[in-house]
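Below is the file entry_19.cif, which contains mmCIF, C-alpha atoms.
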```cif
data_entry
loop_
_atom_site.label_atom_id
_atom_site.label_comp_id
_atom_site.auth_asym_id
_atom_site.auth_seq_id
_atom_site.Cartn_x
_atom_site.Cartn_y
_atom_site.Cartn_z
CA MET A 1 -39.85 -9.21 -33.86
CA ALA A 2 -36.90 -11.00 -35.29
CA GLY A 3 -34.84 -13.05 -32.87
CA LYS A 4 -37.44 -13.05 -30.07
CA LYS A 5 -39.21 -16.25 -29.20
CA PRO A 6 -42.97 -15.67 -28.78
CA VAL A 7 -44.68 -16.75 -25.59
CA LYS A 8 -47.04 -19.53 -26.68
CA ASN A 9 -48.04 -20.85 -23.31
CA THR A 10 -50.71 -19.20 -21.24
CA SER A 11 -50.25 -19.39 -17.50
CA GLY A 12 -53.18 -21.83 -17.17
CA ASN A 13 -51.88 -24.06 -19.93
CA VAL A 14 -48.42 -24.23 -18.35
CA ALA A 15 -49.90 -24.92 -14.91
CA GLN A 16 -52.00 -27.81 -16.27
CA LYS A 17 -49.04 -29.37 -18.08
CA VAL A 18 -46.76 -29.09 -15.04
CA TRP A 19 -49.49 -30.38 -12.71
CA ALA A 20 -49.84 -33.53 -14.82
CA PHE A 21 -46.22 -34.63 -14.42
CA ALA A 22 -45.50 -33.05 -11.02
CA GLN A 23 -48.44 -34.48 -9.06
CA PRO A 24 -47.22 -38.12 -9.08
CA GLU A 25 -43.77 -37.00 -7.94
CA VAL A 26 -45.22 -34.96 -5.09
CA GLU A 27 -47.46 -37.86 -4.03
CA ASN A 28 -44.42 -40.21 -3.98
CA PHE A 29 -43.25 -38.23 -0.94
CA GLY A 30 -46.61 -38.51 0.84
CA LEU A 31 -47.41 -34.90 0.02
CA VAL A 32 -50.24 -33.14 -1.80
CA LEU A 33 -49.81 -30.78 -4.74
CA TRP A 34 -51.88 -27.80 -3.59
CA ASP A 35 -51.34 -25.50 -6.58
CA VAL A 36 -49.15 -24.68 -9.56
CA ILE A 37 -48.72 -21.03 -10.45
CA PHE A 38 -46.94 -19.71 -13.53
CA GLU A 39 -46.91 -15.94 -13.65
CA LYS A 40 -44.97 -12.94 -14.82
CA VAL A 41 -43.59 -10.98 -11.87
CA GLY A 42 -42.10 -7.72 -13.07
CA THR A 43 -39.99 -8.66 -16.06
CA LEU A 44 -39.43 -12.28 -14.98
CA TYR A 45 -41.53 -15.43 -15.18
CA GLU A 46 -41.91 -17.65 -12.12
CA LEU A 47 -43.15 -21.21 -11.79
CA THR A 48 -44.08 -22.14 -8.22
CA LEU A 49 -45.37 -25.46 -6.93
CA PHE A 50 -47.23 -25.21 -3.63
CA ILE A 51 -47.26 -28.42 -1.60
CA ASP A 52 -49.04 -29.58 1.52
CA ARG A 53 -48.67 -32.41 4.01
CA PRO A 54 -52.02 -33.98 4.98
CA GLU A 55 -50.81 -34.67 8.53
CA GLY A 56 -48.25 -32.19 9.77
CA VAL A 57 -46.11 -29.39 8.45
CA VAL A 58 -44.20 -29.13 5.16
CA SER A 59 -40.48 -28.85 5.84
CA VAL A 60 -37.70 -27.21 3.85
CA GLU A 61 -36.46 -30.74 3.14
CA ASP A 62 -39.87 -31.63 1.63
CA CYS A 63 -39.63 -28.64 -0.69
CA GLU A 64 -36.08 -29.57 -1.64
CA LYS A 65 -37.04 -33.21 -2.39
CA VAL A 66 -39.92 -32.15 -4.61
CA SER A 67 -37.77 -29.58 -6.37
CA ARG A 68 -35.07 -32.17 -7.12
CA ALA A 69 -37.68 -34.64 -8.40
CA VAL A 70 -39.61 -32.19 -10.61
CA ASP A 71 -36.68 -30.17 -12.01
CA PRO A 72 -35.50 -32.95 -14.41
CA LEU A 73 -39.10 -33.38 -15.59
CA LEU A 74 -39.29 -29.70 -16.44
CA ASP A 75 -36.18 -30.21 -18.59
CA ARG A 76 -37.62 -33.34 -20.21
CA TYR A 77 -41.12 -32.03 -21.00
CA ASP A 78 -40.04 -28.40 -21.53
CA PRO A 79 -43.53 -26.87 -20.99
CA ILE A 80 -42.31 -23.27 -20.83
CA ASP A 81 -40.81 -21.44 -23.79
CA VAL A 82 -39.44 -18.40 -21.92
CA PRO A 83 -36.73 -18.10 -19.24
CA TYR A 84 -38.19 -18.59 -15.76
CA THR A 85 -37.33 -19.38 -12.16
CA PHE A 86 -38.66 -22.49 -10.45
CA SER A 87 -39.45 -22.90 -6.77
CA VAL A 88 -41.36 -25.19 -4.44
CA SER A 89 -43.10 -23.77 -1.41
CA SER A 90 -45.40 -24.82 1.40
CA SER A 91 -49.01 -23.87 0.80
CA GLY A 92 -48.73 -22.15 4.18
CA GLN A 93 -51.24 -19.91 5.90
CA PRO A 94 -53.15 -18.05 4.71
CA ARG A 95 -53.97 -20.17 1.69
CA VAL A 96 -55.27 -18.72 -1.51
CA LEU A 97 -58.31 -20.69 -2.66
CA ARG A 98 -58.50 -20.94 -6.47
CA LEU A 99 -59.57 -24.45 -7.39
CA PRO A 100 -62.82 -26.30 -6.58
CA ALA A 101 -60.84 -28.75 -4.40
CA HIS A 102 -59.46 -25.82 -2.38
CA PHE A 103 -62.96 -24.55 -1.61
CA ALA A 104 -64.18 -28.05 -0.75
CA ALA A 105 -61.26 -28.53 1.68
CA PHE A 106 -62.06 -25.29 3.53
CA MET A 107 -65.87 -25.32 3.47
CA GLY A 108 -67.03 -24.06 6.87
CA SER A 109 -63.74 -22.23 7.52
CA PRO A 110 -63.09 -18.50 7.95
CA VAL A 111 -62.09 -16.78 4.70
CA GLU A 112 -61.43 -13.33 3.33
CA VAL A 113 -62.95 -12.36 -0.01
CA ARG A 114 -61.35 -9.49 -1.93
CA LEU A 115 -63.43 -7.97 -4.71
CA TYR A 116 -62.29 -6.18 -7.83
CA PRO A 117 -62.67 -2.39 -7.68
CA GLY A 118 -66.11 -1.10 -8.58
CA GLN A 119 -68.02 -4.21 -7.50
CA GLU A 120 -69.23 -2.93 -4.12
CA GLU A 121 -68.32 -0.05 -1.85
CA GLN A 122 -66.68 -2.51 0.56
CA ARG A 123 -63.98 -4.50 -1.24
CA ILE A 124 -62.84 -6.86 1.56
CA TRP A 125 -65.24 -9.21 3.33
CA GLN A 126 -64.58 -11.81 6.03
CA GLY A 127 -66.78 -14.66 7.07
CA VAL A 128 -67.31 -18.41 7.01
CA LEU A 129 -67.23 -20.11 3.62
CA THR A 130 -70.68 -21.67 3.17
CA ALA A 131 -70.91 -22.41 -0.56
CA TYR A 132 -68.92 -22.65 -3.77
CA GLU A 133 -70.68 -23.35 -7.05
CA ASP A 134 -69.30 -22.79 -10.56
CA GLY A 135 -66.86 -20.20 -9.23
CA ALA A 136 -69.44 -18.30 -7.18
CA VAL A 137 -68.52 -17.90 -3.52
CA THR A 138 -70.91 -17.51 -0.59
CA ILE A 139 -69.92 -16.57 2.96
CA THR A 140 -71.76 -15.83 6.18
CA THR A 141 -70.31 -12.73 7.83
CA VAL A 142 -69.79 -12.20 11.57
CA GLU A 143 -73.03 -10.19 11.46
CA GLU A 144 -74.69 -13.39 10.10
CA GLU A 145 -75.32 -11.76 6.73
CA GLU A 146 -75.09 -14.11 3.73
CA LYS A 147 -73.02 -12.64 0.88
CA ARG A 148 -72.56 -14.20 -2.57
CA TRP A 149 -70.30 -13.08 -5.40
CA GLU A 150 -69.92 -14.31 -8.97
CA PRO A 151 -66.47 -15.28 -10.31
CA GLY A 152 -66.01 -12.01 -12.26
CA GLN A 153 -66.40 -9.98 -9.07
CA ILE A 154 -63.81 -11.88 -7.02
CA ALA A 155 -60.15 -10.88 -7.08
CA GLN A 156 -59.04 -13.37 -4.41
CA VAL A 157 -60.31 -15.68 -1.68
CA LYS A 158 -57.96 -16.80 1.07
CA THR A 159 -58.19 -18.55 4.39
CA ILE A 160 -57.82 -16.48 7.53
CA TYR A 161 -57.41 -17.16 11.20
CA ILE A 162 -60.06 -15.64 13.45
CA GLU A 163 -59.68 -15.91 17.19
CA GLU A 164 -62.82 -17.08 18.93
CA ASP A 165 -63.21 -13.87 20.93
CA VAL A 166 -63.38 -11.83 17.69
CA LEU A 167 -66.63 -13.60 16.93
CA LEU A 168 -68.13 -12.28 20.18
CA SER A 169 -69.93 -8.92 20.30
CA ASP A 170 -68.03 -5.65 20.62
CA GLU A 171 -69.43 -4.96 24.11
CA GLU A 172 -65.95 -5.29 25.62
CA ASP A 173 -64.75 -2.24 23.65
CA ASP A 174 -66.17 0.06 26.36
CA GLU A 175 -62.97 -0.24 28.43
CA GLU A 176 -60.93 2.91 29.09
CA PRO A 177 -57.68 3.35 27.13
CA LEU A 178 -54.50 2.30 28.95
CA ASP A 179 -52.97 5.77 28.69
CA GLY A 180 -55.90 7.35 30.55
CA SER A 181 -57.11 9.39 27.56
CA VAL A 182 -60.80 9.40 26.74
#
```
The structure in this file should be written as structure tokens.
Amino acid sequence: MAGKKPVKNTSGNVAQKVWAFAQPEVENFGLVLWDVIFEKVGTLYELTLFIDRPEGVVSVEDCEKVSRAVDPLLDRYDPIDVPYTFSVSSSGQPRVLRLPAHFAAFMGSPVEVRLYPGQEEQRIWQGVLTAYEDGAVTITTVEEEEKRWEPGQIAQVKTIYIEEDVLLSDEEDDEEPLDGSV
């Protein structure tokens, strides 16, 4: 393919390189670098830094400060050999859990586990994160069933918000519909 520059960097390799020089900049603002994602979306490549504030909420100004600090470093270190867009975002809610530190931070919290097709009849499970070891994830479901999946089975794990009353039994579902139908 004459004239085309080959893509040498894998997404993981790019993320590691960017993490190394971006993390100190993010920490200079009292923030935490939650994740670095480099991926192809459609025909374009995107580099996104996800940041968090240990106490409080990430503001648009926080994202702008980090972007202005990291952008010149991307030019200096040039870790990506294809055209791409760069953005900085709050880690927000729900949070995708990918790294061991993510799982450690949310141990004991409600999560949703999405499985790859063909792993089990039910592909989406919700429960409390009870263990993470070498990529394997264990949750306890609302029915108090312990479920464990190996890394190759898991498409995604993310935090979820469950209202306390959802954890109660379904006995209250016996109410009549508001429209009077039965």
>> When the PyMOL selection byres ((chain A and resi 155) around 6) is applied to the structure above, which residues does it catch, written out as a PyMOL selection string?
In response: chain A and resi 114-116+154+156
>> I'd like to see the residues matched by the PyMOL selection byres ((chain A and resi 31) around 8) on this file, and ideally I'd get them as JSON, numbers by chain.
In response: {"A": [26, 27, 28, 29, 30, 32, 33, 51, 52, 53, 54]}
Tell me, counting all atoms listed in the file, for each residue of range 34-125 of chain A within 12 Å of range 18-22 of chain A, which pair of atoms is nearest and how far apart they are in Å to one decimal, in rows ordered by chain and increasing number, as CSV.
```
residue,atom,partner,partner_atom,distance
A:Trp34,CA,A:Trp19,CA,9.8
A:Asp35,CA,A:Trp19,CA,8.1
A:Val36,CA,A:Trp19,CA,6.5
A:Ile37,CA,A:Val18,CA,9.5
A:Phe38,CA,A:Val18,CA,9.5
A:Leu47,CA,A:Val18,CA,9.3
A:Thr48,CA,A:Val18,CA,10.1
A:Leu49,CA,A:Ala22,CA,8.6
A:Phe50,CA,A:Trp19,CA,10.7
A:Ile51,CA,A:Ala22,CA,10.6
A:Val66,CA,A:Ala22,CA,8.5
A:Ser67,CA,A:Ala22,CA,9.7
A:Arg68,CA,A:Ala22,CA,11.2
A:Ala69,CA,A:Ala22,CA,8.4
A:Val70,CA,A:Ala22,CA,6.0
A:Asp71,CA,A:Ala22,CA,9.3
A:Pro72,CA,A:Ala22,CA,10.6
A:Leu73,CA,A:Phe21,CA,7.3
A:Leu74,CA,A:Val18,CA,7.6
A:Asp75,CA,A:Val18,CA,11.2
A:Arg76,CA,A:Phe21,CA,10.4
A:Tyr77,CA,A:Val18,CA,8.7
A:Asp78,CA,A:Val18,CA,9.4
A:Pro79,CA,A:Val18,CA,7.1
A:Ile80,CA,A:Val18,CA,9.3
A:Phe86,CA,A:Val18,CA,11.4
A:Val88,CA,A:Ala22,CA,11.1
```
Show me, as lines of an AutoDock Vina configuration file, the centre and edge lengths in Å to one decimal of the axis-aligned box that covers every listed atom of range 20-27 of chain A with 8 Å on each side.
```
center_x = -46.8
center_y = -35.6
center_z = -9.4
size_x = 22.1
size_y = 21.1
size_z = 26.8
```
>> Residue by residue, what does the PyMOL selection byres ((chain A and resi 130) around 6) grab here? Present the result as a ChimeraX atom specification.
In response: /A:108,129,131,138-139
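Residues lying within 10 Å of range 140-150 of chain A, counting all atoms listed in the file and ignoring same-chain neighbours fewer than 6 positions away, are A:Gly108, A:Pro110, A:Val111, A:Glu112, A:Val113, A:Leu115, A:Gln119, A:Trp125, A:Gln126, A:Gly127, A:Val128, A:Leu129, A:Thr130, A:Ala131, A:Tyr132, A:Glu133, A:Asp134, A:Val166, A:Leu167, A:Leu168, A:Ser169.
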For those residues, write C-alpha atoms to a file as an mmCIF file, in the coordinates of the input.
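selection-v1.cif, written as the output of this step:
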```
data_model
loop_
_atom_site.group_PDB
_atom_site.id
_atom_site.type_symbol
_atom_site.label_atom_id
_atom_site.label_comp_id
_atom_site.auth_asym_id
_atom_site.auth_seq_id
_atom_site.Cartn_x
_atom_site.Cartn_y
_atom_site.Cartn_z
ATOM 1 C CA GLY A 108 -67.030 -24.060 6.870
ATOM 2 C CA PRO A 110 -63.090 -18.500 7.950
ATOM 3 C CA VAL A 111 -62.090 -16.780 4.700
ATOM 4 C CA GLU A 112 -61.430 -13.330 3.330
ATOM 5 C CA VAL A 113 -62.950 -12.360 -0.010
ATOM 6 C CA LEU A 115 -63.430 -7.970 -4.710
ATOM 7 C CA GLN A 119 -68.020 -4.210 -7.500
ATOM 8 C CA TRP A 125 -65.240 -9.210 3.330
ATOM 9 C CA GLN A 126 -64.580 -11.810 6.030
ATOM 10 C CA GLY A 127 -66.780 -14.660 7.070
ATOM 11 C CA VAL A 128 -67.310 -18.410 7.010
ATOM 12 C CA LEU A 129 -67.230 -20.110 3.620
ATOM 13 C CA THR A 130 -70.680 -21.670 3.170
ATOM 14 C CA ALA A 131 -70.910 -22.410 -0.560
ATOM 15 C CA TYR A 132 -68.920 -22.650 -3.770
ATOM 16 C CA GLU A 133 -70.680 -23.350 -7.050
ATOM 17 C CA ASP A 134 -69.300 -22.790 -10.560
ATOM 18 C CA VAL A 166 -63.380 -11.830 17.690
ATOM 19 C CA LEU A 167 -66.630 -13.600 16.930
ATOM 20 C CA LEU A 168 -68.130 -12.280 20.180
ATOM 21 C CA SER A 169 -69.930 -8.920 20.300
#
```
>> Taking all atoms listed in the file into account, name the residue in A:Val137, A:Val58, A:Cys63, A:Ile124 that is nearest to Pro100 in chain A.
In response: A:Val137
> When you draw a straight line from CA of Ala105 in chain A to CA of Lys158 in chain A, how long is it in Å?
Replying inline: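 Here the two named atoms are 12.2 Å from each other.
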> Excluding same-chain residues fewer than 3 positions from Val96 in chain A, what lies within 9 Å of it counting all atoms listed in the file, as a PyMOL selection string?
Replying inline: chain A and resi 91+93+102+156-159
> Can you tell me how far CA of Val14 in chain A sits from CA of Ser90 in chain A, in Å to one decimal?
Replying inline: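 These two atoms are separated by 20.0 Å.
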>> Restricting the calculation to only C-alpha atoms: of A:Gln153, A:Ser109, A:Thr85, A:Ser59, which residue gets closest to Leu44 in chain A?
In response: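 Comparing A:Gln153, A:Ser109, A:Thr85, A:Ser59 against Leu44 in chain A, the winner is A:Thr85.
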> What gap, in Å, lies between CA of Gly42 in chain A and CA of Glu61 in chain A?
Replying inline: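 Distance between the two atoms: 28.7 Å.
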